[in-house]
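Shown next: structure.pdb, given as PDB, C-alpha atoms, pLDDT in the B column.
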ATOM      1  CA  MET E   1       0.000   0.000   0.000  1.00 72.00           C
ATOM      2  CA  PRO E   2       1.447   3.427  -0.926  1.00 81.00           C
ATOM      3  CA  PRO E   3       2.093   5.898   1.877  1.00 83.00           C
ATOM      4  CA  ARG E   4      -0.693   8.310   2.624  1.00 83.00           C
ATOM      5  CA  ILE E   5      -0.093  11.861   1.500  1.00 81.00           C
ATOM      6  CA  TYR E   6      -1.342  14.524   3.850  1.00 78.00           C
ATOM      7  CA  PRO E   7      -2.134  18.108   2.915  1.00 74.00           C
ATOM      8  CA  ARG E   8       0.608  20.577   3.535  1.00 78.00           C
ATOM      9  CA  ARG E   9       0.271  22.836   6.505  1.00 80.00           C
ATOM     10  CA  PRO E  10      -0.419  26.354   5.307  1.00 80.00           C
ATOM     11  CA  PRO E  11       2.454  28.777   5.847  1.00 84.00           C
ATOM     12  CA  LYS E  12       2.421  30.799   9.037  1.00 90.00           C
ATOM     13  CA  LEU E  13       0.996  34.274   8.707  1.00 96.00           C
ATOM     14  CA  TYR E  14       2.716  36.942  10.779  1.00 97.00           C
ATOM     15  CA  LEU E  15      -0.390  39.071  11.302  1.00 97.00           C
ATOM     16  CA  ALA E  16       0.265  40.103  14.902  1.00 98.00           C
ATOM     17  CA  GLU E  17       3.906  40.908  14.192  1.00 98.00           C
ATOM     18  CA  TRP E  18       3.013  43.102  11.215  1.00 98.00           C
ATOM     19  CA  ARG E  19       0.173  44.772  13.113  1.00 98.00           C
ATOM     20  CA  GLU E  20       2.518  45.572  15.982  1.00 98.00           C
ATOM     21  CA  GLU E  21       5.206  46.745  13.526  1.00 97.00           C
ATOM     22  CA  LYS E  22       2.662  49.255  12.189  1.00 98.00           C
ATOM     23  CA  GLU E  23       1.738  50.213  15.779  1.00 98.00           C
ATOM     24  CA  LEU E  24      -1.912  49.258  15.432  1.00 98.00           C
ATOM     25  CA  THR E  25      -4.207  47.666  17.972  1.00 98.00           C
ATOM     26  CA  GLN E  26      -6.427  44.773  16.998  1.00 98.00           C
ATOM     27  CA  GLN E  27      -9.381  47.156  17.110  1.00 98.00           C
ATOM     28  CA  GLN E  28      -7.696  49.692  14.821  1.00 98.00           C
ATOM     29  CA  LEU E  29      -6.895  46.998  12.253  1.00 98.00           C
ATOM     30  CA  ALA E  30     -10.429  45.628  12.593  1.00 98.00           C
ATOM     31  CA  ASP E  31     -11.840  49.105  11.918  1.00 98.00           C
ATOM     32  CA  ARG E  32      -9.737  49.401   8.749  1.00 98.00           C
ATOM     33  CA  LEU E  33     -11.032  46.016   7.592  1.00 98.00           C
ATOM     34  CA  GLU E  34     -14.621  46.624   8.733  1.00 98.00           C
ATOM     35  CA  THR E  35     -14.572  43.526  10.924  1.00 98.00           C
ATOM     36  CA  SER E  36     -14.296  42.863  14.651  1.00 98.00           C
ATOM     37  CA  ASP E  37     -11.310  42.677  16.942  1.00 98.00           C
ATOM     38  CA  VAL E  38     -12.438  39.127  17.774  1.00 98.00           C
ATOM     39  CA  THR E  39     -11.902  38.153  14.123  1.00 98.00           C
ATOM     40  CA  ILE E  40      -8.435  39.733  14.174  1.00 98.00           C
ATOM     41  CA  SER E  41      -7.635  37.827  17.365  1.00 98.00           C
ATOM     42  CA  ARG E  42      -8.759  34.522  15.839  1.00 97.00           C
ATOM     43  CA  TRP E  43      -6.603  35.134  12.764  1.00 97.00           C
ATOM     44  CA  GLU E  44      -3.589  36.025  14.886  1.00 97.00           C
ATOM     45  CA  THR E  45      -3.907  32.999  17.163  1.00 95.00           C
ATOM     46  CA  GLY E  46      -4.489  30.614  14.265  1.00 92.00           C
ATOM     47  CA  LYS E  47      -7.977  29.616  15.417  1.00 94.00           C
ATOM     48  CA  ARG E  48      -9.192  30.814  12.015  1.00 95.00           C
ATOM     49  CA  ARG E  49      -7.300  31.515   8.828  1.00 95.00           C
ATOM     50  CA  PRO E  50      -8.144  34.495   6.634  1.00 97.00           C
ATOM     51  CA  ASN E  51      -8.941  33.541   3.044  1.00 95.00           C
ATOM     52  CA  LEU E  52      -6.885  34.966   0.192  1.00 95.00           C
ATOM     53  CA  ASP E  53      -9.191  37.950  -0.324  1.00 97.00           C
ATOM     54  CA  ALA E  54      -8.969  38.771   3.383  1.00 97.00           C
ATOM     55  CA  GLN E  55      -5.167  38.402   3.261  1.00 97.00           C
ATOM     56  CA  GLU E  56      -5.074  40.919   0.396  1.00 98.00           C
ATOM     57  CA  ALA E  57      -7.243  43.320   2.411  1.00 98.00           C
ATOM     58  CA  ILE E  58      -5.099  42.864   5.524  1.00 98.00           C
ATOM     59  CA  ALA E  59      -1.931  43.574   3.557  1.00 98.00           C
ATOM     60  CA  GLU E  60      -3.479  46.686   2.025  1.00 98.00           C
ATOM     61  CA  ALA E  61      -4.628  47.886   5.461  1.00 98.00           C
ATOM     62  CA  LEU E  62      -1.071  47.402   6.750  1.00 98.00           C
ATOM     63  CA  GLY E  63       0.551  49.015   3.705  1.00 96.00           C
ATOM     64  CA  ILE E  64       2.474  45.885   2.698  1.00 94.00           C
ATOM     65  CA  GLU E  65       2.328  43.273  -0.055  1.00 91.00           C
ATOM     66  CA  ALA E  66       0.218  40.168   0.670  1.00 94.00           C
ATOM     67  CA  VAL E  67       3.270  37.915   0.245  1.00 91.00           C
ATOM     68  CA  ASP E  68       4.960  39.827   3.068  1.00 91.00           C
ATOM     69  CA  LEU E  69       2.418  38.398   5.541  1.00 95.00           C
ATOM     70  CA  ARG E  70       4.260  35.082   5.264  1.00 94.00           C
ATOM     71  CA  ARG E  71       7.503  36.427   6.682  1.00 93.00           C
ATOM     72  CA  HIS E  72       8.437  38.173   9.911  1.00 95.00           C
ATOM     73  CA  PRO E  73       8.761  41.962   9.549  1.00 94.00           C
ATOM     74  CA  ASP E  74      12.372  41.779  10.789  1.00 94.00           C
ATOM     75  CA  THR E  75      13.315  39.384   7.968  1.00 92.00           C
ATOM     76  CA  PRO E  76      13.092  41.187   4.634  1.00 84.00           C
ATOM     77  CA  SER E  77      12.491  39.122   1.515  1.00 83.00           C
ATOM     78  CA  ALA E  78      14.553  39.451  -1.643  1.00 82.00           C
ATOM     79  CA  ASP E  79      11.558  41.190  -3.212  1.00 80.00           C
ATOM     80  CA  ALA E  80      11.367  43.657  -0.352  1.00 75.00           C
ATOM     81  CA  LEU E  81      15.095  44.363  -0.536  1.00 85.00           C
ATOM     82  CA  LEU E  82      14.950  44.964  -4.292  1.00 89.00           C
ATOM     83  CA  ARG E  83      11.563  46.686  -4.421  1.00 83.00           C
ATOM     84  CA  ASP E  84      12.843  50.292  -4.521  1.00 87.00           C
ATOM     85  CA  GLN E  85      16.223  49.665  -6.137  1.00 93.00           C
ATOM     86  CA  PRO E  86      17.222  50.971  -9.582  1.00 95.00           C
ATOM     87  CA  GLN E  87      16.752  48.517 -12.449  1.00 95.00           C
ATOM     88  CA  GLU E  88      20.522  48.094 -12.782  1.00 96.00           C
ATOM     89  CA  ILE E  89      20.747  46.694  -9.235  1.00 94.00           C
ATOM     90  CA  VAL E  90      17.764  44.401  -9.840  1.00 93.00           C
ATOM     91  CA  ASP E  91      19.390  43.064 -13.035  1.00 94.00           C
ATOM     92  CA  GLN E  92      22.659  42.398 -11.189  1.00 95.00           C
ATOM     93  CA  ALA E  93      20.805  40.550  -8.432  1.00 93.00           C
ATOM     94  CA  ILE E  94      18.986  38.376 -10.974  1.00 91.00           C
ATOM     95  CA  LYS E  95      22.285  37.527 -12.701  1.00 94.00           C
ATOM     96  CA  LEU E  96      23.835  36.611  -9.359  1.00 93.00           C
ATOM     97  CA  ILE E  97      20.891  34.418  -8.343  1.00 90.00           C
ATOM     98  CA  THR E  98      20.924  32.716 -11.753  1.00 92.00           C
ATOM     99  CA  ALA E  99      24.653  31.985 -11.418  1.00 93.00           C
ATOM    100  CA  ILE E 100      24.159  30.538  -7.933  1.00 92.00           C
ATOM    101  CA  ARG E 101      21.327  28.290  -9.145  1.00 89.00           C
ATOM    102  CA  ARG E 102      23.472  26.985 -12.015  1.00 89.00           C
ATOM    103  CA  ALA E 103      26.349  26.209  -9.645  1.00 86.00           C
ATOM    104  CA  SER E 104      24.216  24.144  -7.279  1.00 72.00           C
TER     105      SER E 104
END

Take the structure in this file and express it as structure tokens.
Amino acid sequence: MPPRIYPRRPPKLYLAEWREEKELTQQQLADRLETSDVTISRWETGKRRPNLDAQEAIAEALGIEAVDLRRHPDTPSADALLRDQPQEIVDQAIKLITAIRRAS
């Protein structure tokens, strides 16, 4: 009998960390999203998971990209690091990443 395949655990969302980074209370974020602070609390504790549309709204309310919710605010992603860089820097980074991928 083949091994059973289980669904992947969804990636952690750093809602509370981002909310605190933006110096918002649960109620303030709830007001921006037209929901309740109880809903925000459930999302932050993992009792409920916001759907993709809600994640987009949360990111917009926090002034970040939705993908950023999946990383801690103190750990910038490559996208975040390159987001405001001149195109020349972005091109150099892509060349470097491509070279590293070929070498491995």

- Between atom CA of E:Asp84 and atom CA of E:Glu65 - distance in Å to one decimal: 13.4 Å

- Message: I'd like the residues picked by the PyMOL selection byres ((chain E and resi 69-75) around 7) written out as a ChimeraX atom specification, using the chain letters and numbers from the file.
- Response: /E:11-15,17-18,66-68,76-77

Written selection (C-alpha atoms) as a PDB file, in the frame of the given file:
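Printed below is again.pdb as written:
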ATOM      1  CA  PRO E  11       2.454  28.777   5.847  1.00 84.00           C
ATOM      2  CA  LYS E  12       2.421  30.799   9.037  1.00 90.00           C
ATOM      3  CA  LEU E  13       0.996  34.274   8.707  1.00 96.00           C
ATOM      4  CA  TYR E  14       2.716  36.942  10.779  1.00 97.00           C
ATOM      5  CA  LEU E  15      -0.390  39.071  11.302  1.00 97.00           C
ATOM      6  CA  GLU E  17       3.906  40.908  14.192  1.00 98.00           C
ATOM      7  CA  TRP E  18       3.013  43.102  11.215  1.00 98.00           C
ATOM      8  CA  ALA E  66       0.218  40.168   0.670  1.00 94.00           C
ATOM      9  CA  VAL E  67       3.270  37.915   0.245  1.00 91.00           C
ATOM     10  CA  ASP E  68       4.960  39.827   3.068  1.00 91.00           C
ATOM     11  CA  PRO E  76      13.092  41.187   4.634  1.00 84.00           C
ATOM     12  CA  SER E  77      12.491  39.122   1.515  1.00 83.00           C
TER      13      SER E  77
END

- Message: Please compute the atom CA of E:Lys47-atom CA of E:Arg4 distance, one decimal, in Å.
- Response: 25.9 Å

Env of E:Val90: 10 Å cut, atoms = all atoms listed in the file, seq-sep filter 6 positions within chain, self excluded. Answer as an mmCIF file with C-alpha atoms, in the frame of the given file.
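Resulting contents of selection26.cif:
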data_model
loop_
_atom_site.group_PDB
_atom_site.id
_atom_site.type_symbol
_atom_site.label_atom_id
_atom_site.label_comp_id
_atom_site.auth_asym_id
_atom_site.auth_seq_id
_atom_site.Cartn_x
_atom_site.Cartn_y
_atom_site.Cartn_z
ATOM 1 C CA ASP E 79 11.558 41.190 -3.212
ATOM 2 C CA LEU E 81 15.095 44.363 -0.536
ATOM 3 C CA LEU E 82 14.950 44.964 -4.292
ATOM 4 C CA ARG E 83 11.563 46.686 -4.421
ATOM 5 C CA ASP E 84 12.843 50.292 -4.521
ATOM 6 C CA LEU E 96 23.835 36.611 -9.359
#

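The gap separating atom CA of E:Arg19 from atom CA of E:Leu33 is 12.6 Å, in Å to one decimal.
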
- Query: Nearest to E:Lys22: which of E:Pro3, E:Pro86, E:Gly63, E:Gly46 is it, counting only C-alpha atoms?
  - Reply: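 Ranking E:Pro3, E:Pro86, E:Gly63, E:Gly46 by distance to E:Lys22, first place goes to E:Gly63.
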
- Find, counting all atoms listed in the file, the residue in E:Ala59, E:Ile94, E:Ala103, E:Ala78 that gets nearest to E:Arg32.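 Using all atoms listed in the file, E:Arg32 sits closest to E:Ala59.
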
- Task: Check what the PyMOL selection byres ((chain E and resi 54) around 12) selects in the file above and give those residues as an MDAnalysis selection string.
- Result: chainID E and resid 15 30 32:35 39:40 43 48:53 55:61 66 69

Would you write out those residues with C-alpha atoms, as a CSV table (one decimal), keeping the file's coordinate frame?
chain,number,residue,atom,x,y,z
E,15,LEU,CA,-0.4,39.1,11.3
E,30,ALA,CA,-10.4,45.6,12.6
E,32,ARG,CA,-9.7,49.4,8.7
E,33,LEU,CA,-11.0,46.0,7.6
E,34,GLU,CA,-14.6,46.6,8.7
E,35,THR,CA,-14.6,43.5,10.9
E,39,THR,CA,-11.9,38.2,14.1
E,40,ILE,CA,-8.4,39.7,14.2
E,43,TRP,CA,-6.6,35.1,12.8
E,48,ARG,CA,-9.2,30.8,12.0
E,49,ARG,CA,-7.3,31.5,8.8
E,50,PRO,CA,-8.1,34.5,6.6
E,51,ASN,CA,-8.9,33.5,3.0
E,52,LEU,CA,-6.9,35.0,0.2
E,53,ASP,CA,-9.2,38.0,-0.3
E,55,GLN,CA,-5.2,38.4,3.3
E,56,GLU,CA,-5.1,40.9,0.4
E,57,ALA,CA,-7.2,43.3,2.4
E,58,ILE,CA,-5.1,42.9,5.5
E,59,ALA,CA,-1.9,43.6,3.6
E,60,GLU,CA,-3.5,46.7,2.0
E,61,ALA,CA,-4.6,47.9,5.5
E,66,ALA,CA,0.2,40.2,0.7
E,69,LEU,CA,2.4,38.4,5.5

- Query: Which residue gives the smallest distance to E:Thr25 among E:Leu62, E:Thr45, E:Ile97, E:Gln92, with all atoms listed in the file counted?
  - Reply: E:Leu62

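Excluding E:Asp37 itself and same-chain residues fewer than 4 positions from it, the residues having an atom within 9 Å of it are Thr25, Gln26, Gln27, Gln28, Leu29, Ala30, Asp31, Ser41 and Arg42 of chain E, counting only C-alpha atoms.
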